[in-house]
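So the structure is just underneath, and the comments pick up after that.
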Amino acid sequence: MSGSAKLCKHKAIEIHQKLWEVRLFELRAAELYREGHLPGFIHLSLGQEACAVGACLALEEKDFITSTHRGHGHCLAKGADPRFMMAELAGKHEGYSKGRGGSMHIADVSKGVLGANGIVGQSAPLACGAALTAQVKNTGQAALAFFGEGASGSGPVHEAMNIAAIWKLPVIFFCEVNRYAELSPYSVHVPIERLSERSKSYGFDGFTVDGSNVKAVYNAVSSARQKIRSGGGPVLIEAKTHRWHGHYEGDPMHYLDDKDRDSSQRMDPVVMFEAACALELGINTEELSKSKENAITLIDDAVSFALGLGAAPTSVISEDVYA
Ligand SMILES: Cc1ncc(C[n+]2csc(CCOP(=O)(O)OP(=O)(O)O)c2C)c(N)n1
């Protein structure tokens with residue numbers, strides 16, 4: 001894409017810290033889930049951190065995102081508070097949805113996080129709604145919809161792309177192609193190699209990027225954001241990435257072949273970015289250690305906060321329920 005933003009050192013350090021916040025939040029969530037502290041289901045995005053962080057940090061603070069069932073990274077990267085997120089996962093009253101929704105019901109409108117979403121494909125029309133509001137009110141905001149390649153074939157996503165094209169909505173469709181939709185590999189349900197090519201049939205631009213490379217994601221979303229600012233209408237970005245854990249935590253992943261099981265084959269977006277920071281941006285080891293330490297402190301605090309809370313009082317059980 002043309003017009004890529006050049007990553008400055010300050011932004012790179014911010015990205016580095018966020019990558020670690022997302023990574024550590026999910027590693028801790030996996031641990032707490034195994035130990036029985038988190039009820040219900042969780043879907044982790046370990047391995048996909050560069051998508052969430054590169055995309056959200058290329059947006060402006062006032063912009064919106066809509067997310068998915070695999071949304072911890074998206075919400076954290078856009079500024080949601082890890083303490084209230086972990087409290088939500090732990091089913092505590094202090095969580096983002098009073099502990100009633102869990103991992104798939106995290107939203108923080110004050111940060112532009114319009115919600116994780118358990119309904120596959122719905123992030124796209126919701127982002128169009130936010131983008132339409134921004135267009136009508138002329139606020140200069142944009143909306144970015146995260147969704148997976150499984151969702152890409154669903155009706156709501158096609159309808160959203162069509163209406164966004166017709167109305168030239170300021171929306172970025174961001175498809176995280178992590179190679180599986182539940183247990184089905186990409187080739188079983190997507191008939192083309194590059195999903196981004198679908199944008200042409202709606203009449204807007206589409207690009208494929210390496211979703212393990214946070215710089216590539218950041219540059220692609222920055223360019224898309226610039227195009228949107230000038231009223232150019234929607235953009236589709238396809239980010240090819242890898243899902244390291246199962247569809248849900250605890251998934252035995254019998255459907256993986258041996259190559260996919262071999263963790264030495266994995267691209268680690270955090271390690272890749274650290275190498276780029278040192279080689280291309282002159283960021284030294286001390287600076288990288290400091291941002292990682294900041295992330296460790298934040299996530300440790302979030303875990304202590306969530307686990308230190310008591311169970312919700314029974315007096316609130318009927319709150320927010322229609323009579
Ligand atoms: C409307 C709807 N249909 C089916 C499901 C069940 N379901 C949950 S996740 C999922 C697969 C989603 O795959 P993808 O969009 O690629 O996202 P990923 O899980 O890979 O992040 C499905 C079919 C659902 N939650 N909502």
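Chains: A, B, ... in order of the structure tokens. Residues: from 1 per chain. Ligands: from 1, in order shown.
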Give me, as a tab-separated table, each residue of range 15-73 of chain A that comes within 6 Å of range 142-158 of chain A, together with its shortest interatomic pair and the distance in Å at one decimal, counting only C-alpha atoms, with rows ordered by chain and rising residue number.
residue	atom	partner	partner_atom	distance
A:Asp63	CA	A:Ala142	CA	5.0
A:Phe64	CA	A:Ala143	CA	4.5
A:Ile65	CA	A:Leu144	CA	4.7
A:Thr66	CA	A:Ala145	CA	4.9
A:Ser67	CA	A:Phe146	CA	5.2
Practice item. Name the residues, by chain letter and number, that sit within 10 Å of ligand 1 using only C-alpha atoms and all ligand atoms, and give them as JSON, numbers by chain. Key: {"A": [43, 44, 45, 48, 68, 69, 70, 71, 117, 118, 119, 120, 121, 122, 146, 147, 148, 149, 150, 151, 152, 153, 154, 155, 156, 175, 176, 177, 178, 179, 180, 181, 182, 183, 184, 185, 186, 189, 241, 242, 243, 246, 247, 248]}
Export of prior selection with N, CA and C atoms as a tab-separated table (two decimals), in the first residue's frame:
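New file again_23.tsv:
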chain	number	residue	atom	x	y	z
A	43	HIS	N	-11.58	-18.13	24.15
A	43	HIS	CA	-10.92	-18.36	22.86
A	43	HIS	C	-9.69	-17.46	22.83
A	44	LEU	N	-8.53	-18.04	22.69
A	44	LEU	CA	-7.30	-17.24	22.78
A	44	LEU	C	-6.76	-16.89	21.39
A	45	SER	N	-6.06	-15.75	21.35
A	45	SER	CA	-5.49	-15.30	20.08
A	45	SER	C	-3.96	-15.33	20.14
A	48	GLN	N	-1.52	-14.37	17.31
A	48	GLN	CA	-2.16	-13.38	16.43
A	48	GLN	C	-1.99	-11.95	16.95
A	68	THR	N	-14.67	-9.85	18.05
A	68	THR	CA	-15.20	-11.21	17.83
A	68	THR	C	-15.17	-12.00	19.14
A	69	HIS	N	-15.44	-13.30	18.99
A	69	HIS	CA	-15.31	-14.22	20.13
A	69	HIS	C	-13.85	-14.36	20.57
A	70	ARG	N	-12.90	-13.99	19.68
A	70	ARG	CA	-11.46	-14.12	19.99
A	70	ARG	C	-10.92	-12.70	20.18
A	71	GLY	N	-11.50	-11.97	21.13
A	71	GLY	CA	-11.30	-10.52	21.13
A	71	GLY	C	-10.42	-9.91	22.20
A	117	ASN	N	-17.80	-10.17	20.46
A	117	ASN	CA	-19.09	-10.60	19.95
A	117	ASN	C	-19.08	-12.09	19.66
A	118	GLY	N	-19.98	-12.81	20.29
A	118	GLY	CA	-20.02	-14.26	20.09
A	118	GLY	C	-20.75	-14.67	18.83
A	119	ILE	N	-21.36	-13.70	18.14
A	119	ILE	CA	-22.12	-14.04	16.94
A	119	ILE	C	-21.23	-13.80	15.73
A	120	VAL	N	-20.79	-14.89	15.13
A	120	VAL	CA	-19.79	-14.80	14.06
A	120	VAL	C	-20.32	-13.96	12.89
A	121	GLY	N	-19.53	-12.98	12.48
A	121	GLY	CA	-19.88	-12.13	11.33
A	121	GLY	C	-20.54	-10.82	11.71
A	122	GLN	N	-20.99	-10.70	12.97
A	122	GLN	CA	-21.75	-9.49	13.31
A	122	GLN	C	-20.88	-8.26	13.55
A	146	PHE	N	-13.00	-6.31	13.16
A	146	PHE	CA	-12.20	-7.54	13.12
A	146	PHE	C	-13.14	-8.71	12.84
A	147	PHE	N	-12.71	-9.64	12.03
A	147	PHE	CA	-13.46	-10.90	11.85
A	147	PHE	C	-12.49	-11.93	11.28
A	148	GLY	N	-12.91	-13.20	11.32
A	148	GLY	CA	-12.03	-14.26	10.83
A	148	GLY	C	-12.43	-14.71	9.44
A	149	GLU	N	-11.64	-15.62	8.86
A	149	GLU	CA	-11.97	-16.09	7.51
A	149	GLU	C	-13.25	-16.94	7.52
A	150	GLY	N	-13.56	-17.53	8.69
A	150	GLY	CA	-14.82	-18.27	8.80
A	150	GLY	C	-15.98	-17.31	8.63
A	151	ALA	N	-15.89	-16.18	9.32
A	151	ALA	CA	-16.95	-15.17	9.23
A	151	ALA	C	-17.04	-14.55	7.84
A	152	SER	N	-15.93	-14.55	7.12
A	152	SER	CA	-15.89	-13.84	5.83
A	152	SER	C	-16.91	-14.38	4.83
A	153	GLY	N	-17.32	-15.63	5.01
A	153	GLY	CA	-18.29	-16.22	4.08
A	153	GLY	C	-19.72	-16.03	4.53
A	154	SER	N	-19.92	-15.36	5.65
A	154	SER	CA	-21.28	-15.25	6.19
A	154	SER	C	-22.02	-14.07	5.57
A	155	GLY	N	-23.33	-14.17	5.53
A	155	GLY	CA	-24.17	-13.14	4.93
A	155	GLY	C	-23.92	-11.74	5.48
A	156	PRO	N	-23.90	-11.59	6.81
A	156	PRO	CA	-23.74	-10.23	7.35
A	156	PRO	C	-22.46	-9.53	6.88
A	175	CYS	N	-9.72	-8.75	8.22
A	175	CYS	CA	-9.94	-10.20	8.32
A	175	CYS	C	-8.66	-10.89	8.81
A	176	GLU	N	-8.76	-11.50	9.98
A	176	GLU	CA	-7.63	-12.26	10.52
A	176	GLU	C	-7.74	-13.71	10.03
A	177	VAL	N	-6.91	-14.03	9.07
A	177	VAL	CA	-6.94	-15.38	8.51
A	177	VAL	C	-5.97	-16.24	9.33
A	178	ASN	N	-6.53	-16.93	10.33
A	178	ASN	CA	-5.67	-17.74	11.20
A	178	ASN	C	-5.70	-19.21	10.81
A	179	ARG	N	-6.20	-19.50	9.61
A	179	ARG	CA	-6.12	-20.79	8.94
A	179	ARG	C	-7.15	-21.84	9.37
A	180	TYR	N	-7.87	-21.58	10.45
A	180	TYR	CA	-8.93	-22.51	10.85
A	180	TYR	C	-10.17	-21.73	11.28
A	181	ALA	N	-11.32	-22.25	10.95
A	181	ALA	CA	-12.57	-21.75	11.52
A	181	ALA	C	-13.11	-22.92	12.34
A	182	GLU	N	-13.13	-22.77	13.64
A	182	GLU	CA	-13.35	-23.90	14.54
A	182	GLU	C	-12.37	-25.01	14.14
A	183	LEU	N	-12.89	-26.15	13.60
A	183	LEU	CA	-12.01	-27.28	13.28
A	183	LEU	C	-11.72	-27.38	11.78
A	184	SER	N	-12.27	-26.45	10.99
A	184	SER	CA	-12.16	-26.58	9.54
A	184	SER	C	-11.03	-25.73	8.98
A	185	PRO	N	-10.12	-26.36	8.22
A	185	PRO	CA	-9.04	-25.58	7.61
A	185	PRO	C	-9.56	-24.66	6.51
A	186	TYR	N	-8.78	-23.64	6.25
A	186	TYR	CA	-9.12	-22.58	5.28
A	186	TYR	C	-9.68	-23.16	3.97
A	189	HIS	N	-13.44	-24.07	3.34
A	189	HIS	CA	-14.58	-23.14	3.24
A	189	HIS	C	-14.26	-21.82	2.54
A	241	THR	N	-2.28	-15.04	9.42
A	241	THR	CA	-1.68	-15.22	10.74
A	241	THR	C	-1.81	-16.67	11.21
A	242	HIS	N	-1.44	-16.92	12.45
A	242	HIS	CA	-1.47	-18.29	12.98
A	242	HIS	C	-2.12	-18.31	14.34
A	243	ARG	N	-3.03	-19.24	14.51
A	243	ARG	CA	-3.64	-19.44	15.82
A	243	ARG	C	-2.88	-20.56	16.51
A	246	GLY	N	-6.02	-23.92	20.57
A	246	GLY	CA	-7.19	-24.48	19.91
A	246	GLY	C	-8.24	-23.44	19.63
A	247	HIS	N	-9.32	-23.88	19.01
A	247	HIS	CA	-10.43	-22.96	18.77
A	247	HIS	C	-10.90	-22.37	20.10
A	248	TYR	N	-11.09	-23.25	21.07
A	248	TYR	CA	-11.39	-22.82	22.44
A	248	TYR	C	-10.30	-23.40	23.34
**Study point:** Test item, strand (DSSP E or B) assignment across range 12-261 of chain A, answer as a PyMOL selection string
**Key:** chain A and resi 64-66+108+113+143-148+171-177+180-181+184-185+205-210+235-240
For the residues selected in the previous step, produce a file with C-alpha atoms as a short mmCIF file (atom, residue, chain, number, x, y, z; two decimals), in the first residue's frame.
data_model
loop_
_atom_site.label_atom_id
_atom_site.label_comp_id
_atom_site.auth_asym_id
_atom_site.auth_seq_id
_atom_site.Cartn_x
_atom_site.Cartn_y
_atom_site.Cartn_z
CA PHE A 64 -14.14 2.51 16.95
CA ILE A 65 -13.47 -1.19 16.77
CA THR A 66 -15.88 -4.11 16.73
CA ASP A 108 -15.62 -0.14 26.67
CA VAL A 113 -14.34 -0.71 21.95
CA ALA A 143 -14.55 2.09 12.48
CA LEU A 144 -12.55 -1.11 12.11
CA ALA A 145 -14.26 -4.51 12.14
CA PHE A 146 -12.20 -7.54 13.12
CA PHE A 147 -13.46 -10.90 11.85
CA GLY A 148 -12.03 -14.26 10.83
CA VAL A 171 -14.82 1.51 7.71
CA ILE A 172 -11.88 -0.89 7.59
CA PHE A 173 -12.75 -4.57 7.27
CA PHE A 174 -9.90 -6.45 8.94
CA CYS A 175 -9.94 -10.20 8.32
CA GLU A 176 -7.63 -12.26 10.52
CA VAL A 177 -6.94 -15.38 8.51
CA TYR A 180 -8.93 -22.51 10.85
CA ALA A 181 -12.57 -21.75 11.52
CA SER A 184 -12.16 -26.58 9.54
CA PRO A 185 -9.04 -25.58 7.61
CA ASP A 205 -9.49 -1.73 -2.39
CA GLY A 206 -8.22 -4.82 -0.64
CA PHE A 207 -4.74 -5.83 0.52
CA THR A 208 -3.11 -8.94 1.96
CA VAL A 209 -0.47 -8.48 4.65
CA ASP A 210 1.70 -10.70 6.81
CA VAL A 235 -10.85 -0.89 2.67
CA LEU A 236 -10.47 -4.63 3.21
CA ILE A 237 -7.27 -5.86 4.86
CA GLU A 238 -6.54 -9.56 5.00
CA ALA A 239 -3.89 -10.49 7.57
CA LYS A 240 -2.43 -14.00 7.24
#
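Comparing the minimum interatomic distances between Leu27 in chain A and each of A:Ala311, A:Val271, A:Leu281, A:Ile296, counting only C-alpha atoms, we find that A:Ile296 sits nearest.
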Kindly provide the residues of range 159-274 of chain A that approach range 31-37 of chain A to within 12 Å, each paired with its closest atom pair and their distance in Å to one decimal, based on only C-alpha atoms, listed by chain and increasing number, as CSV.
residue,atom,partner,partner_atom,distance
A:Tyr248,CA,A:Tyr33,CA,11.0
A:Glu249,CA,A:Tyr33,CA,7.9
A:Gly250,CA,A:Arg34,CA,8.2
A:Asp251,CA,A:Arg34,CA,12.0
Just the residues within 7 Å of Ile15 in chain A, please, counting only C-alpha atoms, with nothing from its chain fewer than 4 positions along; format it as a short mmCIF file (atom, residue, chain, number, x, y, z; two decimals) with C-alpha atoms, in the first residue's frame.
data_model
loop_
_atom_site.label_atom_id
_atom_site.label_comp_id
_atom_site.auth_asym_id
_atom_site.auth_seq_id
_atom_site.Cartn_x
_atom_site.Cartn_y
_atom_site.Cartn_z
CA LYS A 11 5.22 4.32 18.71
CA LEU A 19 2.22 -6.91 22.29
CA VAL A 53 -1.85 -4.41 18.16
#
Revision key, fill the gap. Using only C-alpha atoms, the best pick from A:Ser230, A:Gln17, A:Ser199, A:Ser103 as closest to Pro39 in chain A would be A:Ser103
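Using only C-alpha atoms, the protein and nucleic acid residues lying no more than 7 Å from Ile106 in chain A, apart from those fewer than 4 places from it along its own chain, are A:Met85, A:Tyr96, A:Ser97, A:Gly115, A:Ala116.
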Check your understanding: Can you list, as a count of residues only, every protein, DNA or RNA residue that comes within 12 Å of Asn294 in chain A when you count only C-alpha atoms, leaving out same-chain residues fewer than 6 positions away?
Key -> 13
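In this model, the gap between CA of Asn213 in chain A and CA of Ala50 in chain A comes to 6.1 Å.
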Residues at most 12 Å from Ser263 in chain A, counting only C-alpha atoms, excluding those fewer than 3 positions away in the same chain, as a JSON list (two decimals) with N, CA and C atoms, in the first residue's frame?
[["chain", "number", "residue", "atom", "x", "y", "z"],
["A", 47, "GLY", "N", -0.40, -15.92, 19.24],
["A", 47, "GLY", "CA", 0.15, -16.06, 17.88],
["A", 47, "GLY", "C", -0.38, -14.99, 16.93],
["A", 242, "HIS", "N", -1.44, -16.92, 12.45],
["A", 242, "HIS", "CA", -1.47, -18.29, 12.98],
["A", 242, "HIS", "C", -2.12, -18.31, 14.34],
["A", 243, "ARG", "N", -3.03, -19.24, 14.51],
["A", 243, "ARG", "CA", -3.64, -19.44, 15.82],
["A", 243, "ARG", "C", -2.88, -20.56, 16.51],
["A", 244, "TRP", "N", -2.22, -20.24, 17.63],
["A", 244, "TRP", "CA", -1.37, -21.25, 18.29],
["A", 244, "TRP", "C", -2.17, -22.23, 19.14],
["A", 245, "HIS", "N", -3.20, -21.73, 19.81],
["A", 245, "HIS", "CA", -3.98, -22.64, 20.67],
["A", 245, "HIS", "C", -5.19, -23.14, 19.89],
["A", 256, "LEU", "N", -5.13, -30.96, 13.60],
["A", 256, "LEU", "CA", -3.87, -30.37, 13.10],
["A", 256, "LEU", "C", -2.96, -31.44, 12.51],
["A", 257, "ASP", "N", -2.23, -31.09, 11.46],
["A", 257, "ASP", "CA", -1.24, -32.05, 10.98],
["A", 257, "ASP", "C", 0.07, -31.82, 11.75],
["A", 258, "ASP", "N", 1.05, -32.72, 11.52],
["A", 258, "ASP", "CA", 2.27, -32.71, 12.34],
["A", 258, "ASP", "C", 3.02, -31.38, 12.22],
["A", 259, "LYS", "N", 3.01, -30.81, 11.02],
["A", 259, "LYS", "CA", 3.75, -29.57, 10.81],
["A", 259, "LYS", "C", 3.15, -28.45, 11.66],
["A", 260, "ASP", "N", 1.81, -28.43, 11.71],
["A", 260, "ASP", "CA", 1.14, -27.40, 12.50],
["A", 260, "ASP", "C", 1.37, -27.59, 13.99],
["A", 266, "ARG", "N", 6.76, -22.18, 14.29],
["A", 266, "ARG", "CA", 5.91, -20.99, 14.43],
["A", 266, "ARG", "C", 6.68, -19.69, 14.31],
["A", 267, "MET", "N", 6.02, -18.74, 13.66],
["A", 267, "MET", "CA", 6.54, -17.37, 13.63],
["A", 267, "MET", "C", 6.03, -16.71, 14.90],
["A", 268, "ASP", "N", 6.92, -16.12, 15.65],
["A", 268, "ASP", "CA", 6.48, -15.43, 16.86],
["A", 268, "ASP", "C", 6.47, -13.93, 16.60]]
Check your understanding: What are the DSSP helix (DSSP H, G or I) residues of range 71-310 of chain A, as a VMD selection string?
Key -> chain A and resid 72 to 77 82 to 89 102 to 104 109 to 111 123 to 137 149 to 152 155 to 166 186 to 189 195 to 202 214 to 229 258 to 261 263 to 265 269 to 280 285 to 308
Review point. Out of A:Pro191, A:Gly282, A:Gly91, A:Pro170, which residue has the shortest atom-to-atom distance to Pro234 in chain A when counting only C-alpha atoms?
Key: A:Pro170
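Of the listed residues (A:Pro269, A:Pro125, A:Gly79, A:Gly203), A:Pro269 comes nearest to Lys215 in chain A; the distances count only C-alpha atoms.
Rounded to one decimal, CA of Gly308 in chain A and CA of Glu26 in chain A lie 18.7 Å from each other.
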